[in-house]
Every structure is written in structure tokens, then in C-alpha cells.
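Remarks on the structure that follows.
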Amino acid sequence: MDAASITPTLRAKDYKSEVAPVWCPGCGHFAVLSAVTKALAHLKLAKERVAMISGIGCSSRLPAYVDAFGFHGIHGRALPLASGLKAARPDLTVIVTGGDGDGFSIGGNHFLHACRRNMDLTYIVMDNEVYGMTKGQASPTTQPDWAKSKLTPHGTGMRPFLPTAIALAAGASFIARGFAGDPNGLTKLLVEAIEHPGFAFLQVLSPCQTFRPEQKEWKHLVHPVDMAPTADSVEAARSIQADDGMALGLFYARRLPVWQPQNQATATPADLEREFAL
Amino acid sequence: MTERPTLAGGATLAITGSGGSGAVTAGLILLAAVGRAGYFGLLGRSAGPQIRGGESAAMLRFGPQPIECMGDRFDLLVGLDWENVARFADELPLDRNSLILTDAQAGPIPEILVRSGAQVRSLPWKALADAETEGRVNMVALGMVGAMLGLPLDALEAGVRATLGGKGGRILTPSLDCVRSGYAAAAAAPVPSTTLHPAVARWNISGNEAAGLGAVRGGVRFVAAYPITPASEVLEWLAPRLELLGGSLLQAEDELASINMIIGSSFGGVPSLTATSGPGLSLMVEGLGLAVASETPVVVVNVQRGGPSTGIPTKSEQSDLNIALYGLHGDAPHLVLAALGIRDCIDTVEWAVGLAEHLQTVAIVLSDQMLGQSRAIIDPPGDQAFGACTRPHMRRLIAGAADSDHRRYRPAPDGVSPMALPGVPGGMYTAEGLEHGAGGTPSSRAIDHAEQLGKRLHKLTGFDYGPSWAEIRGEGDHLLLTWGSSAGPVFEAAERLRDSGTPTRVIALRLLEPLQREALLEAIGSAGSILVVEQNQTAQCFAYLHSQQALPAHARSYARAGPLPLRPAEIMGALIECHEREET
């Protein structure tokens with residue numbers, strides 16, 4: 001009998017830690033935290049078997065607010081941190097959280113390769129199209145004409161990064177989008193993402209009330225994905241390319257080979273030493 | 001030639017040729033053969049920047065005692081052909097007592113080699129090779145040189161089998177025929193062949209393999225890394241063998257990923273390591289700070305090469321000491337060690353893993369191209385690094401279930417707080433790179449910062465590292481102080497100085513941070529002449545020791561950049577000059 005099956009059923013609030021969030025009032029990340037704890041409760045996961053891994057930024061503070069094992073790392077490096085943990089400890093449920101800057105800018109290369117590597121991780125990116133913790137600069141998903149940052153007073157002039165399209169191109173096996181204003185839908189997607197064997201990418205539209213107050217409008221703009229989830233990458237590409245960035249739900253899920261470590265020892269270091277003997 | 005080089009008397013030779021001539025293969029066989037005859041040996045390799053082809057040289061030194069450096073000059077130069085060999089001229093010091101062996105059919109010897117005054121003997125290698133089916137000049141030359149050195153034919157044949165046996169009979173059989181043919185042709189003036197019978201079976205190992213072996217002996221079972229010259233062989237050796245041990249190696253997308261991956265795996269409880277070289281270490285330093293702050297044990301083997309920037313990837317230097325000591329931002333105490341030789345790569349890496357695990361910190365081990373890509377015949381290491389001269393290095397874990405008042409970063413008397421691994425009920429915490437309180441919650445309070453900084457420093461400075469912080473040899477008023485791979489030529493320089501009536505001691509530092517200052521000052525004592533020897537331009541270790549007030553004011557520096565190896569004679573000269581300056 002494993003640890004999970006003897007854990008008495010926990011409620012969502014039992015997965016919350018005693019640490020008070022640093023987030024601004026009204027931040028979408030509160031809803032993501034709530035959805036994470038609901039999903040963990042729904043899946044009846046033992047707290048000590050869950051590891052929440054993050055980099056740097058507002059959203060990366062989330063692991064401290066969950067009563068599980070966690071690692072708050074450095075900017076952009078949450079995915080390698082989590083990949084190393086999963087490689088060493090395939091028995092754990094490893095959930096990675098971060099923001100659009102952490103995941104798509106400084107950590108962009110790791111995002112591509114985590115999609116390719118297809119380790120059994122869940123990656124939640126709380127996307128608010130702005131750097132909140134450093135007080136309001138453009139992020140990779142910011143629209144080119146957003147001119148409110150002191151660093152880019154004329155806007156970025158660059159096309160925004162398209163997380164779902166890039167995840168598909170890079171080989172992710174699960175691609176979905178949720179919204180902080182739709183807690184039930186978000187919880188459901190999270191449960192599916194955690195249950196998915198392989199790298200599950202979940203983009204969460206999570207408004208920043210402080211630096212992007214206009215994102216309050218998102219609740220009027222979101223809508224369900226207009227087609228059923230597919231395992232066909234061509235179909236998924238069509239759906240993702242037609243997307244306005246506000247479609248919620250599962251775009252793509254496919255069973256692909258999952259990176260697995262070798263765990264069966266058949267030799268000792270003393271055995272290896274024989275190769276050097278004359 | 002004043003004296004003909006033999007195995008028993010010691011011999012130094014280089015085999016050169018263009019890519020595909022088999023110079024390095026011949027060197028590998030000769031080393032294996034010499035080891036089988038009971039002698040020690042060292043094989044260094046030199047290559048240009050080409051991927052395949054181009055020029056290459058195998059540099060070998062043999063003798064009845066362990067060989068720790070290449071020496072000052074070459075007795076023999078075996079020139080298989082002369083294409084591009086001039087590029088190596090400054091790495092192949094020859095003199096009037098040297099002998100160049102070649103085949104006149106290989107063409108004219110480059111002028112720069114002729115100018116050395118070395119004698120030349122032409123041998124009919126090509127004709128002998130042509131007389132064999134699938135004959136190869138390098139194998140004929142190998143047989144002839146083996147006979148001239150006094151190497152028994154059966155040892156030479158065993159060396160061929162050990163090196164080429166995996167390639168099948170189509171390569172092996174003609175190679176053996178050519179070696180025998182060359183051996184027989186040299187028999188006109190044979191040196192009596194001699195076989196020693198060592199008490200223990202010796203090993204044939206490269207420094208990079210030794211570092212990999214030290215890692216797995218220390219308990220490392222996960223490695224993440226990005227390929228880089230000259231560290232890649234550490235990874236190539238480890239990848240299949242970690243799987244046999246139930247572990248794994250993950251090729252990361254870059255060095256930033258590598259270091260963070262091993263922090264993640266170590267957080268999960270698996271001793272973890274990465275290997276890299278200078279530019280890769282630069283990319284890892286932010287991650288190393290995270291490991292220090294979160295108290296996650298990790299080991300980085302940095303196989304140094306010529307720097308800065310991409311520098312000279314295929315050649316050696318000791319110029320990464322500064323980044324290893326000072327590269328991390330903030331006050332980030334960690335361990336810096338340096339292997340003192342090929343055999344020492346085993347023990348030093350094993351010790352580093354143990355220390356990192358026990359002290360829950362970062363250990364950077366400095367090797368270099370000279371150690372990493374050279375092979376040697378060595379006596380096997382003991383059962384445990386340095387005979388377990390220090391306390392056992394198990395990671396301090398919370399087993400079973402954690403107490404309700406468990407706090408991950410609560411200061412313990414020795415600064416090492418027990419760690420709960422994921423899966424331990426009640427042990428949940430968030431490992432943290434931000435400054436934090438005892439429970440792990442981020443904190444910007446001065447009191448928490450002071451407490452955690454103190455904990456992380458004192459667990460390293462308060463630990464008893466035992467006597468392995470340095471290797472100290474000899475007695476005398478003259479002192480050579482060195483670190484890492486410079487130890488080889490420094491030991492030899494000291495030995496020769498002693499033989500010539502100048503008693504000379506050596507202190508070779510293996511643990512550079514935390515510097516064992518009191519022990520070092522005691523070991524230095526009242527030495528009259530002190531010379532700090534290292535292979536970099538700016539005397540990085542000399543400056544560090546001064547900054548730690550660990551050197552008397554009259555200590556001098558002998559620092560020279562790579563890539564040419566430090567030679568014992570230049571070190572002897574520098575020490576004598578230093579002494580004369582003291583006298584005047």
C-alpha cells in the first residue's frame with residue numbers, strides 16, 4: 001500500500017500553507033493558488049509526495065503558499081530544477097509554476113526543451129503580459145503597442161510570443177489554457193494536466209490589477225476553445241493558429257514517450273573499477 | 001646521445017603525425033604495454049583545434065616510479081610524418097642528446113626541429129609496413145621503439161590487444177604482424193627486455209575517467225551536463241556507467257539547465273554532479289549561489305582550459321581559480337578543491353562529493369586539460385578517499401517522519417541542519433534562494449540575514465577537514481607552494497633540487513576554500529625561500545593567499561600562463577633565483 005492510498009482525504013484548504021501571499025489585492029494568482037489546492041485535494045495526493053517548483057516573479061512565490069515540498073529557485077530556471085528532481089524522484093508529483101517573463105523570456109530555451117523532453121511534469125504559466133515584481137515592464141506576451149513601461153516608452157514593437165503555438169511546435173504533449181476568473185474550469189484543467197503522463201503545459205490568463213488594470217476586461221473576452229481536444233498536431237495547429245488568445249480549454253493532448261530514468265542497478269563502483277586494471 | 005633511454009632508467013618520447021597516422025593510437029598502446037611490463041607511465045596528448053584530421057601528438061614518459069609530469073625535454077621523437085608538426089615544436093623540447101626516429105621516405109624534417117641539434121636516424125618503416133598485408137607504419141614504428149626501450153614483446157602484444165581488440169581481427173591481426181616485424185628489425189641492437197612484478201595490479205586511467213570514478217565512488221547517481229572540451233570525457237565515461245549503477249545522466253540544453261537540474265535532483269536526495277570547463281562554469285555561477293543559499297549539495301568538476309572567453313579549448317591552464325573562489329555574488333561560502341594529479345582526481349572528487357553532501361553546500365573541483373586528457377599507469381586508490389581521514393560524510397537527513405517543530409534552516413550547533421527529503425511526512429518546506437528565516441519563509445529582516453549568513457559560513461569554516469587539505473613532501477629551508485596540476489612538475493623540481501643538495505619542501509594545496517590558514521602557516525614555518533608556483537598569468541593563488549594573510553611577506557610568485565606545460569627545470573631555476581634574491 002503506497003503513501004497516497006493511506007492518506008486520509010484532505011480538503012483544499014489543508015494544502016494551503018501558513019505563509020501569507022505577497023500578491024496585490026485582486027491579483028489573479030490567488031485564484032490559481034486556490035485551483036492548485038483544489039486539484040491536489042481532488043486527486044487525493046499526499047502532501048509530502050507533491051513538489052512545487054518555481055523560478056522568480058510574483059507567480060513563482062506560489063510554492064511557499066502550498067503545504068507541500070517546494071523549491072523557489074532563480075529566474076527562468078524552474079523547468080530544469082523540476083526536471084532534475086523528476087529524473088531523480090519519478091515517484092513525486094512535480095508541478096512547476098511561473099510567469100510569462102520567467103517562462104518565455106529568460107527561461108525560453110528551457111521551455112522549448114522541456115516540451116521536447118516530455119518528462120512527466122505539469123507546467124503552469126500565469127500569464128499577465130507584464131513583469132509585476134519589477135514594477136511594470138513589458139513581457140514576451142505583451143502587445144507591441146503597450147507603451148506604459150519606462151523601458152519601452154514607444155512599446156516593444158515586437159510581435160508577442162505565442163505560448164500555445166510554440167509549445168506545440170516544440171513537441172509538448174498537453175497544451176491547454178485556463179483563466180483565473182473561471183476557477184472551476186481552471187481546476188478541471190489542472191487535474192487533467194497533472195494526470196497527463198508527460199509534459200503538460202497550462203497557460204493561465206491571470207490578470208495583473210496593478211500594472212494592467214485593463215485586464216479586468218478579460219472576463220468579457222474569454223470563450224471556450226471552439227473545437228474538441230485533439231491528439232492530431234495538424235488539427236491542433238489549425239485551432240491554435242485561429243485562436244485569439246482568449247480561448248479556454250484543452251487544445252491538444254497526446255500520448256508520447258515519456259523520459260524515464262534508468263533505476264535498476266546491475267553493478268557497483270567496484271565492478272566498474274575492473275576496466276582500468278592492467 | 002649520452003645515454004640511451006630505457007624503461008628502467010626512464011624515458012620520454014613523443015610520437016607525432018598528421019591526423020590518421022595513428023600517433024595517438026601508438027601512444028595508447030605503448031602506455032598499456034609499459035604498464036603490463038610493470039612500469040609507470042604518463043601519456044599526454046596534444047591536438048590542434050580541428051575536429052578530425054589535422055596534427056596530433058602523443059607525449060609519453062615512462063619509468064620505474066610513478067610519473068607525475070612530462071619532464072623538461074624529450075629523449076625520442078618518433079616522427080611518423082611531418083605534416084603540420086611544426087605547430088607542436090614549442091611543446092616538444094629537443095636538444096643535442098635527443099634522437100629523432102623517422103623514415104627518410106616521410107620527407108624532410110621541419111627546420112625548427114632540425115635546429116634543436118637532435119640526432120636523426122632513418123628507419124625503414126614504410127618498407128617493412130609495405131611487406132605486410134594491410135601494414136601500418138605506426139605499428140612498425142611502435143614495435144621498433146618498444147624493442148629499443150627494452151619492452152618485452154609479449155607486453156607490447158598485450159598492449160596492442162588491449163587497445164585494438166575491440167576493433168576485430170581485420171585491424172588486430174595486421175597490427176600485431178607489423179609490431180612483430182618492427183620489433184624484429186630493431187633486434188640488431190636490442191636493450192635487454194625487463195619486466196617488473198609490482199605487488200598490486202596497476203591501473204591505466206585518464207584524469208577525466210578518474211574524476212568520473214571518484215564521483216560514483218562518492219555516491220553520485222545523477223549527472224546533468226552540457227558537452228564542452230576538455231570536460232566531455234568525464235560525461236562520456238559516466239553516461240553508460242551511471243545507468244549500470246541505477247542512476248542516470250541527462251544531457252541538458254545548456255549549462256544553466258545543467259546546474260539547476262542537479263540542484264533539483266539533489267533536493268530530491270540523490271548525490272549529483274556536473275562537469276564543465278571555464279565558459280560553462282561562468283554560466284553556472286548564479287545556480288551555484290542558489291545551491292549555497294538553499295543549502296543543496298552539488299559538485300562541479302571544472303576541467304580548466306586556456307582562457308579567457310573561449311580561449312584555447314584543447315590546451316591547459318590554471319586560470320579559473322578566481323572565478324571558482326570569487327565568482328558567486330553575495331557572501332556565498334562554498335568549497336573549492338583542486339586535484340593534484342591523475343590518480344588524485346579519484347580521491348579529490350570522491351572527497352568533494354562527501355564534503356558537499358555532509359556540509360549541504362557547493363563543491364567546485366578544479367581539474368584541467370593536462371590532468372583530464374592525460375592517461376597514466378597508477379597504483380589503484382584505497383577503499384575510501386584519503387583513507388577516510390575525515391568524519392563520515394553522509395547527508396544529515398530526517399528519516400521516518402518530521403517533528404511538528406521541524407524547521408529546515410534552523411541553525412544547528414555546527415550549522416548543518418537536518419534535511420527532509422520529499423516524501424517524508426511532515427517534512428514539507430520550500431527550499432529557498434531568497435534570504436529566509438529558519439523555516440524557509442523569505443525574509444528581508446537583518447536578523448534572519450545575519451543568522452543564515454553565519455550558519456552557512458560557520459558550517460564550512462568550523463569543519464575539521466583533516467590532513468588532506470594539502471600534500472606536503474620533503475624537508476628543507478626552501479619551499480615550493482603550489483596547487484592543482486602544477487603539483488606534478490613542482491614535486492619533480494623539488495626532488496631534483498634535493499638530489500643536487502638543495503633541501504626543498506613542497507606544499508601542494510588540495511583544499512583552497514575554506515583555506516586552512518592556520519595549518520598552512522604552520523606548514524610554511526620559517527621557510528627561507530618561498531615560491532608559489534601556478535600556471536596562470538596573474539598569480540591568482542599567490543594573490544589569494546596574500547589576501548588571506550597566509551603567506552610571509554618574503555614569499556615570491558612564479559606564475560606563467562599556459563598552454564605550454566610547466567617544466568621542472570624552469571621551476572628549479574625560479575626557486576634558485578628567488579633564493580638568490582633573498583640572499584642579496
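Residue numbering restarts at 1 in every chain; chains get A, B, ... in the order shown in the C-alpha cells, and ligands count up from 1 in that same order.
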
Close residues, region 505-519 of chain B itself excluded, 6 Å, only C-alpha atoms, min 3 positions apart in chain, as a PyMOL selection string:
chain B and resi 335-338+469-476+479-483+487+522+550

Just to be explicit: take each residue in the selection above, keep N, CA, C and O atoms, and write the result as a tab-separated table (two decimals), in the first residue's frame.
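The result, stored in part-v4.tsv:
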```tsv
chain	number	residue	atom	x	y	z
B	335	LEU	N	32.96	25.31	-1.19
B	335	LEU	CA	34.23	24.61	-1.19
B	335	LEU	C	34.89	24.71	-2.56
B	335	LEU	O	34.21	24.61	-3.58
B	336	VAL	N	36.20	24.93	-2.56
B	336	VAL	CA	36.97	24.86	-3.81
B	336	VAL	C	38.12	23.89	-3.57
B	336	VAL	O	38.90	24.08	-2.62
B	337	LEU	N	38.19	22.86	-4.39
B	337	LEU	CA	39.25	21.88	-4.28
B	337	LEU	C	39.97	21.77	-5.62
B	337	LEU	O	39.43	22.17	-6.66
B	338	ALA	N	41.18	21.25	-5.59
B	338	ALA	CA	41.92	21.05	-6.84
B	338	ALA	C	42.65	19.72	-6.77
B	338	ALA	O	43.32	19.43	-5.77
B	469	TRP	N	43.91	18.51	3.35
B	469	TRP	CA	43.82	19.84	2.71
B	469	TRP	C	45.01	20.09	1.79
B	469	TRP	O	44.94	20.90	0.87
B	470	ALA	N	46.13	19.39	2.03
B	470	ALA	CA	47.32	19.59	1.20
B	470	ALA	C	48.13	18.31	1.19
B	470	ALA	O	47.97	17.45	2.05
B	471	GLU	N	49.01	18.22	0.21
B	471	GLU	CA	50.02	17.17	0.23
B	471	GLU	C	51.36	17.85	0.48
B	471	GLU	O	51.75	18.77	-0.24
B	472	ILE	N	52.04	17.42	1.53
B	472	ILE	CA	53.29	18.05	1.92
B	472	ILE	C	54.40	17.02	1.79
B	472	ILE	O	54.28	15.91	2.32
B	473	ARG	N	55.44	17.35	1.04
B	473	ARG	CA	56.53	16.40	0.81
B	473	ARG	C	57.87	17.08	1.10
B	473	ARG	O	58.08	18.23	0.74
B	474	GLY	N	58.76	16.32	1.70
B	474	GLY	CA	60.15	16.75	1.84
B	474	GLY	C	60.41	17.66	3.02
B	474	GLY	O	59.48	18.06	3.74
B	475	GLU	N	61.67	17.95	3.19
B	475	GLU	CA	62.14	18.81	4.29
B	475	GLU	C	63.05	19.86	3.68
B	475	GLU	O	63.58	19.67	2.59
B	476	GLY	N	63.24	20.94	4.39
B	476	GLY	CA	64.24	21.89	3.92
B	476	GLY	C	63.80	23.32	4.07
B	476	GLY	O	62.62	23.61	4.25
B	479	LEU	N	61.03	26.36	0.04
B	479	LEU	CA	59.65	25.89	-0.02
B	479	LEU	C	59.03	26.22	-1.37
B	479	LEU	O	59.05	27.37	-1.81
B	480	LEU	N	58.47	25.20	-2.01
B	480	LEU	CA	57.64	25.42	-3.20
B	480	LEU	C	56.20	25.19	-2.78
B	480	LEU	O	55.84	24.14	-2.25
B	481	LEU	N	55.38	26.20	-3.01
B	481	LEU	CA	53.96	26.13	-2.65
B	481	LEU	C	53.18	26.13	-3.95
B	481	LEU	O	53.44	26.95	-4.84
B	482	THR	N	52.24	25.20	-4.10
B	482	THR	CA	51.54	25.13	-5.38
B	482	THR	C	50.14	24.58	-5.18
B	482	THR	O	49.74	24.30	-4.04
B	483	TRP	N	49.40	24.45	-6.26
B	483	TRP	CA	48.04	23.90	-6.18
B	483	TRP	C	47.73	23.15	-7.47
B	483	TRP	O	48.31	23.43	-8.51
B	487	ALA	N	51.28	20.64	-9.24
B	487	ALA	CA	51.98	19.84	-8.23
B	487	ALA	C	52.94	18.85	-8.89
B	487	ALA	O	54.04	18.64	-8.37
B	522	GLU	N	51.48	27.03	9.69
B	522	GLU	CA	52.33	26.14	10.47
B	522	GLU	C	53.25	25.33	9.55
B	522	GLU	O	54.43	25.14	9.83
B	550	ALA	N	48.04	34.48	4.52
B	550	ALA	CA	48.55	33.12	4.71
B	550	ALA	C	49.96	32.96	4.18
B	550	ALA	O	50.45	31.84	4.07
```

Neighbours of chain A in chain B at 8 Å, counting only C-alpha atoms, as a ChimeraX atom specification:
/B:32,35-36,201-205,213,216-217,222,224,241,243-248,253,256-258,260-270,286-287,290,422-434,441

Mind checking DSSP for region 61-200 of chain A and telling me the strand (DSSP E or B) residues as a ChimeraX atom specification?
/A:66,69-72,93-99,121-127,131,137,174-179,200

Let's see if you can do this: from backbone DSSP, list all helix (DSSP H, G or I) residues in region 156-259 of chain A, as a ChimeraX atom specification.
/A:163-170,183-195,213-221,233-242

Would you save the residues of that selection, restricted to N, CA, C and O atoms, as a short mmCIF file (atom, residue, chain, number, x, y, z; two decimals), in the first residue's frame?
```cif
data_model
loop_
_atom_site.label_atom_id
_atom_site.label_comp_id
_atom_site.auth_asym_id
_atom_site.auth_seq_id
_atom_site.Cartn_x
_atom_site.Cartn_y
_atom_site.Cartn_z
N PRO A 163 2.53 31.36 -26.70
CA PRO A 163 2.91 30.19 -25.89
C PRO A 163 2.35 28.87 -26.40
O PRO A 163 3.08 27.87 -26.45
N THR A 164 1.08 28.84 -26.76
CA THR A 164 0.50 27.55 -27.15
C THR A 164 1.07 27.07 -28.49
O THR A 164 1.36 25.88 -28.67
N ALA A 165 1.25 28.02 -29.42
CA ALA A 165 1.80 27.64 -30.73
C ALA A 165 3.23 27.14 -30.58
O ALA A 165 3.64 26.16 -31.22
N ILE A 166 3.98 27.82 -29.75
CA ILE A 166 5.38 27.43 -29.58
C ILE A 166 5.49 26.09 -28.84
O ILE A 166 6.30 25.24 -29.19
N ALA A 167 4.63 25.89 -27.86
CA ALA A 167 4.62 24.60 -27.15
C ALA A 167 4.34 23.45 -28.12
O ALA A 167 4.99 22.40 -28.06
N LEU A 168 3.40 23.68 -29.02
CA LEU A 168 3.06 22.63 -29.99
C LEU A 168 4.25 22.36 -30.91
O LEU A 168 4.63 21.21 -31.15
N ALA A 169 4.84 23.45 -31.41
CA ALA A 169 5.98 23.29 -32.33
C ALA A 169 7.14 22.60 -31.62
O ALA A 169 7.90 21.85 -32.25
N ALA A 170 7.30 22.87 -30.34
CA ALA A 170 8.44 22.29 -29.60
C ALA A 170 8.19 20.86 -29.17
O ALA A 170 9.10 20.21 -28.67
N PRO A 183 -12.64 29.72 -11.99
CA PRO A 183 -11.94 28.79 -11.09
C PRO A 183 -12.32 27.32 -11.32
O PRO A 183 -11.45 26.45 -11.23
N ASN A 184 -13.54 27.03 -11.63
CA ASN A 184 -13.93 25.63 -11.81
C ASN A 184 -13.27 25.04 -13.06
O ASN A 184 -12.73 23.93 -13.03
N GLY A 185 -13.32 25.80 -14.14
CA GLY A 185 -12.69 25.34 -15.39
C GLY A 185 -11.19 25.17 -15.19
O GLY A 185 -10.58 24.22 -15.69
N LEU A 186 -10.61 26.09 -14.44
CA LEU A 186 -9.16 26.04 -14.21
C LEU A 186 -8.79 24.81 -13.40
O LEU A 186 -7.82 24.10 -13.71
N THR A 187 -9.59 24.53 -12.36
CA THR A 187 -9.31 23.35 -11.53
C THR A 187 -9.39 22.08 -12.37
O THR A 187 -8.55 21.19 -12.26
N LYS A 188 -10.41 22.02 -13.22
CA LYS A 188 -10.59 20.83 -14.06
C LYS A 188 -9.38 20.64 -14.99
O LYS A 188 -8.85 19.53 -15.13
N LEU A 189 -8.94 21.74 -15.60
CA LEU A 189 -7.78 21.65 -16.49
C LEU A 189 -6.52 21.22 -15.72
O LEU A 189 -5.71 20.45 -16.23
N LEU A 190 -6.40 21.74 -14.50
CA LEU A 190 -5.23 21.38 -13.70
C LEU A 190 -5.21 19.89 -13.37
O LEU A 190 -4.16 19.24 -13.43
N VAL A 191 -6.38 19.38 -13.01
CA VAL A 191 -6.47 17.95 -12.71
C VAL A 191 -6.05 17.14 -13.95
O VAL A 191 -5.26 16.20 -13.86
N GLU A 192 -6.57 17.55 -15.11
CA GLU A 192 -6.20 16.83 -16.34
C GLU A 192 -4.72 16.93 -16.63
O GLU A 192 -4.08 15.98 -17.07
N ALA A 193 -4.17 18.13 -16.38
CA ALA A 193 -2.74 18.34 -16.66
C ALA A 193 -1.89 17.47 -15.76
O ALA A 193 -0.90 16.85 -16.19
N ILE A 194 -2.24 17.41 -14.48
CA ILE A 194 -1.44 16.61 -13.54
C ILE A 194 -1.57 15.12 -13.90
O ILE A 194 -0.59 14.37 -13.82
N GLU A 195 -2.76 14.72 -14.31
CA GLU A 195 -2.96 13.30 -14.65
C GLU A 195 -2.32 12.92 -15.98
O GLU A 195 -2.06 11.75 -16.23
N PRO A 213 -4.54 47.17 -15.32
CA PRO A 213 -5.94 47.17 -14.86
C PRO A 213 -6.94 46.91 -15.99
O PRO A 213 -8.03 46.41 -15.74
N GLU A 214 -6.53 47.20 -17.22
CA GLU A 214 -7.43 46.95 -18.35
C GLU A 214 -7.74 45.46 -18.53
O GLU A 214 -8.68 45.10 -19.23
N GLN A 215 -6.94 44.60 -17.86
CA GLN A 215 -7.19 43.16 -17.99
C GLN A 215 -8.47 42.72 -17.28
O GLN A 215 -8.88 41.57 -17.42
N LYS A 216 -9.08 43.65 -16.53
CA LYS A 216 -10.39 43.34 -15.95
C LYS A 216 -11.37 42.95 -17.07
O LYS A 216 -12.33 42.23 -16.84
N GLU A 217 -11.12 43.46 -18.25
CA GLU A 217 -11.99 43.17 -19.39
C GLU A 217 -11.91 41.72 -19.85
O GLU A 217 -12.77 41.25 -20.60
N TRP A 218 -10.86 41.01 -19.42
CA TRP A 218 -10.66 39.65 -19.90
C TRP A 218 -11.87 38.76 -19.65
O TRP A 218 -12.17 37.86 -20.42
N LYS A 219 -12.56 39.05 -18.52
CA LYS A 219 -13.70 38.18 -18.21
C LYS A 219 -14.79 38.27 -19.27
O LYS A 219 -15.60 37.36 -19.41
N HIS A 220 -14.80 39.38 -20.03
CA HIS A 220 -15.79 39.50 -21.11
C HIS A 220 -15.25 38.96 -22.43
O HIS A 220 -16.01 38.79 -23.38
N LEU A 221 -13.96 38.74 -22.50
CA LEU A 221 -13.35 38.36 -23.78
C LEU A 221 -13.11 36.85 -23.91
O LEU A 221 -12.99 36.34 -25.02
N SER A 233 -1.58 16.73 -34.29
CA SER A 233 -0.87 18.00 -34.17
C SER A 233 -1.23 18.98 -35.29
O SER A 233 -1.18 20.19 -35.10
N VAL A 234 -1.62 18.47 -36.45
CA VAL A 234 -2.02 19.36 -37.55
C VAL A 234 -3.34 20.05 -37.20
O VAL A 234 -3.51 21.26 -37.36
N GLU A 235 -4.28 19.25 -36.69
CA GLU A 235 -5.57 19.82 -36.24
C GLU A 235 -5.33 20.85 -35.14
O GLU A 235 -5.92 21.92 -35.13
N ALA A 236 -4.48 20.47 -34.20
CA ALA A 236 -4.21 21.36 -33.07
C ALA A 236 -3.57 22.66 -33.56
O ALA A 236 -3.92 23.75 -33.09
N ALA A 237 -2.67 22.54 -34.53
CA ALA A 237 -2.01 23.74 -35.06
C ALA A 237 -3.04 24.67 -35.69
O ALA A 237 -2.99 25.89 -35.51
N ARG A 238 -4.00 24.08 -36.40
CA ARG A 238 -5.04 24.89 -37.04
C ARG A 238 -5.83 25.64 -35.97
O ARG A 238 -6.07 26.84 -36.08
N SER A 239 -6.20 24.91 -34.93
CA SER A 239 -7.00 25.50 -33.87
C SER A 239 -6.22 26.60 -33.14
O SER A 239 -6.73 27.68 -32.86
N ILE A 240 -4.95 26.31 -32.87
CA ILE A 240 -4.12 27.28 -32.13
C ILE A 240 -3.84 28.52 -32.98
O ILE A 240 -3.83 29.64 -32.50
N GLN A 241 -3.63 28.33 -34.28
CA GLN A 241 -3.36 29.47 -35.15
C GLN A 241 -4.60 30.35 -35.32
O GLN A 241 -4.49 31.57 -35.50
N ALA A 242 -5.78 29.74 -35.24
CA ALA A 242 -7.02 30.52 -35.37
C ALA A 242 -7.43 31.18 -34.07
O ALA A 242 -8.32 32.01 -34.03
#
```

From CA of Asp72 (chain B) to CA of Gln373 (chain B) the spacing works out at 19.5 Å

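The residue set within 9 Å of Ser173 (chain A), counting only C-alpha atoms and dropping same-chain residues fewer than 6 places from it, reads Cys115, Arg116, Asn118, Ala167, His196, Pro197, Gly198, Phe199, Ala200, Phe201, Ala231, Tyr252, Ala253, Arg254, Arg255 and Leu256 of chain A.
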
Would you mind exporting the chosen residues as a short mmCIF file (atom, residue, chain, number, x, y, z; two decimals), in the first residue's frame, restricted to N, CA, C and O atoms?
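Written out: again01.cif:
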```
data_model
loop_
_atom_site.label_atom_id
_atom_site.label_comp_id
_atom_site.auth_asym_id
_atom_site.auth_seq_id
_atom_site.Cartn_x
_atom_site.Cartn_y
_atom_site.Cartn_z
N CYS A 115 9.47 20.93 -23.37
CA CYS A 115 8.42 20.41 -24.26
C CYS A 115 8.95 19.19 -25.01
O CYS A 115 8.27 18.17 -25.12
N ARG A 116 10.15 19.27 -25.55
CA ARG A 116 10.75 18.16 -26.30
C ARG A 116 11.01 16.95 -25.42
O ARG A 116 10.85 15.81 -25.84
N ASN A 118 9.65 15.92 -22.68
CA ASN A 118 8.42 15.23 -22.27
C ASN A 118 8.59 14.43 -20.98
O ASN A 118 8.20 13.27 -20.88
N ALA A 167 4.63 25.89 -27.86
CA ALA A 167 4.62 24.60 -27.15
C ALA A 167 4.34 23.45 -28.12
O ALA A 167 4.99 22.40 -28.06
N HIS A 196 -2.04 13.91 -16.83
CA HIS A 196 -1.46 13.61 -18.14
C HIS A 196 -0.05 13.05 -17.97
O HIS A 196 0.80 13.68 -17.34
N PRO A 197 0.25 11.90 -18.56
CA PRO A 197 1.61 11.38 -18.47
C PRO A 197 2.50 12.09 -19.50
O PRO A 197 2.33 11.92 -20.69
N GLY A 198 3.42 12.89 -19.01
CA GLY A 198 4.27 13.66 -19.90
C GLY A 198 4.22 15.13 -19.54
O GLY A 198 3.70 15.51 -18.48
N PHE A 199 4.77 15.96 -20.41
CA PHE A 199 4.89 17.39 -20.11
C PHE A 199 3.57 18.08 -20.44
O PHE A 199 3.17 18.16 -21.60
N ALA A 200 2.89 18.55 -19.40
CA ALA A 200 1.60 19.22 -19.58
C ALA A 200 1.78 20.72 -19.40
O ALA A 200 2.20 21.17 -18.34
N PHE A 201 1.47 21.46 -20.44
CA PHE A 201 1.63 22.92 -20.40
C PHE A 201 0.26 23.58 -20.26
O PHE A 201 -0.63 23.37 -21.08
N ALA A 231 -5.61 14.88 -30.60
CA ALA A 231 -4.27 14.30 -30.47
C ALA A 231 -3.52 14.46 -31.78
O ALA A 231 -2.41 13.96 -31.93
N TYR A 252 -4.87 20.32 -27.05
CA TYR A 252 -4.10 19.20 -27.61
C TYR A 252 -3.65 18.28 -26.49
O TYR A 252 -3.16 18.75 -25.46
N ALA A 253 -3.85 17.00 -26.64
CA ALA A 253 -3.31 16.04 -25.67
C ALA A 253 -2.97 14.77 -26.43
O ALA A 253 -3.78 14.26 -27.21
N ARG A 254 -1.77 14.30 -26.23
CA ARG A 254 -1.31 13.14 -26.99
C ARG A 254 -0.38 12.31 -26.13
O ARG A 254 0.45 12.85 -25.40
N ARG A 255 -0.50 11.00 -26.22
CA ARG A 255 0.42 10.11 -25.51
C ARG A 255 1.72 10.02 -26.32
O ARG A 255 1.71 9.53 -27.44
N LEU A 256 2.78 10.51 -25.75
CA LEU A 256 4.09 10.42 -26.39
C LEU A 256 5.05 9.75 -25.40
O LEU A 256 4.79 9.77 -24.20
#
```

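In this structure, CA of Leu80 (chain B) sits 20.3 Å away from CA of Phe62 (chain B).
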
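Among the candidates B:Met419, B:Arg221, B:Gly528, B:Ser486, the one nearest to Ala559 (chain B) when counting only C-alpha atoms is B:Ser486.
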
So, with only C-alpha atoms as the atoms that count, which of B:His329, B:Arg410, B:Arg581, B:Arg343 lies closest to Gly382 (chain B)?
B:Arg343

Compile the contact shell of region 128-142 of chain A as number ranges by chain: residues with an atom at most 8 Å away, counting only C-alpha atoms, same-chain residues fewer than 3 positions apart removed.
A: 57-58, 99-101, 104-105, 146, 148-152, 156, 160-162, 205-208, 210-212

I want to know what sits within 6 Å of region 207-212 of chain B, based on only C-alpha atoms, with residues of the same chain fewer than 3 positions away left out; could you give that as a VMD selection string?
chain B and resid 215 233 to 234 238 342 345 to 346 349 371 to 372
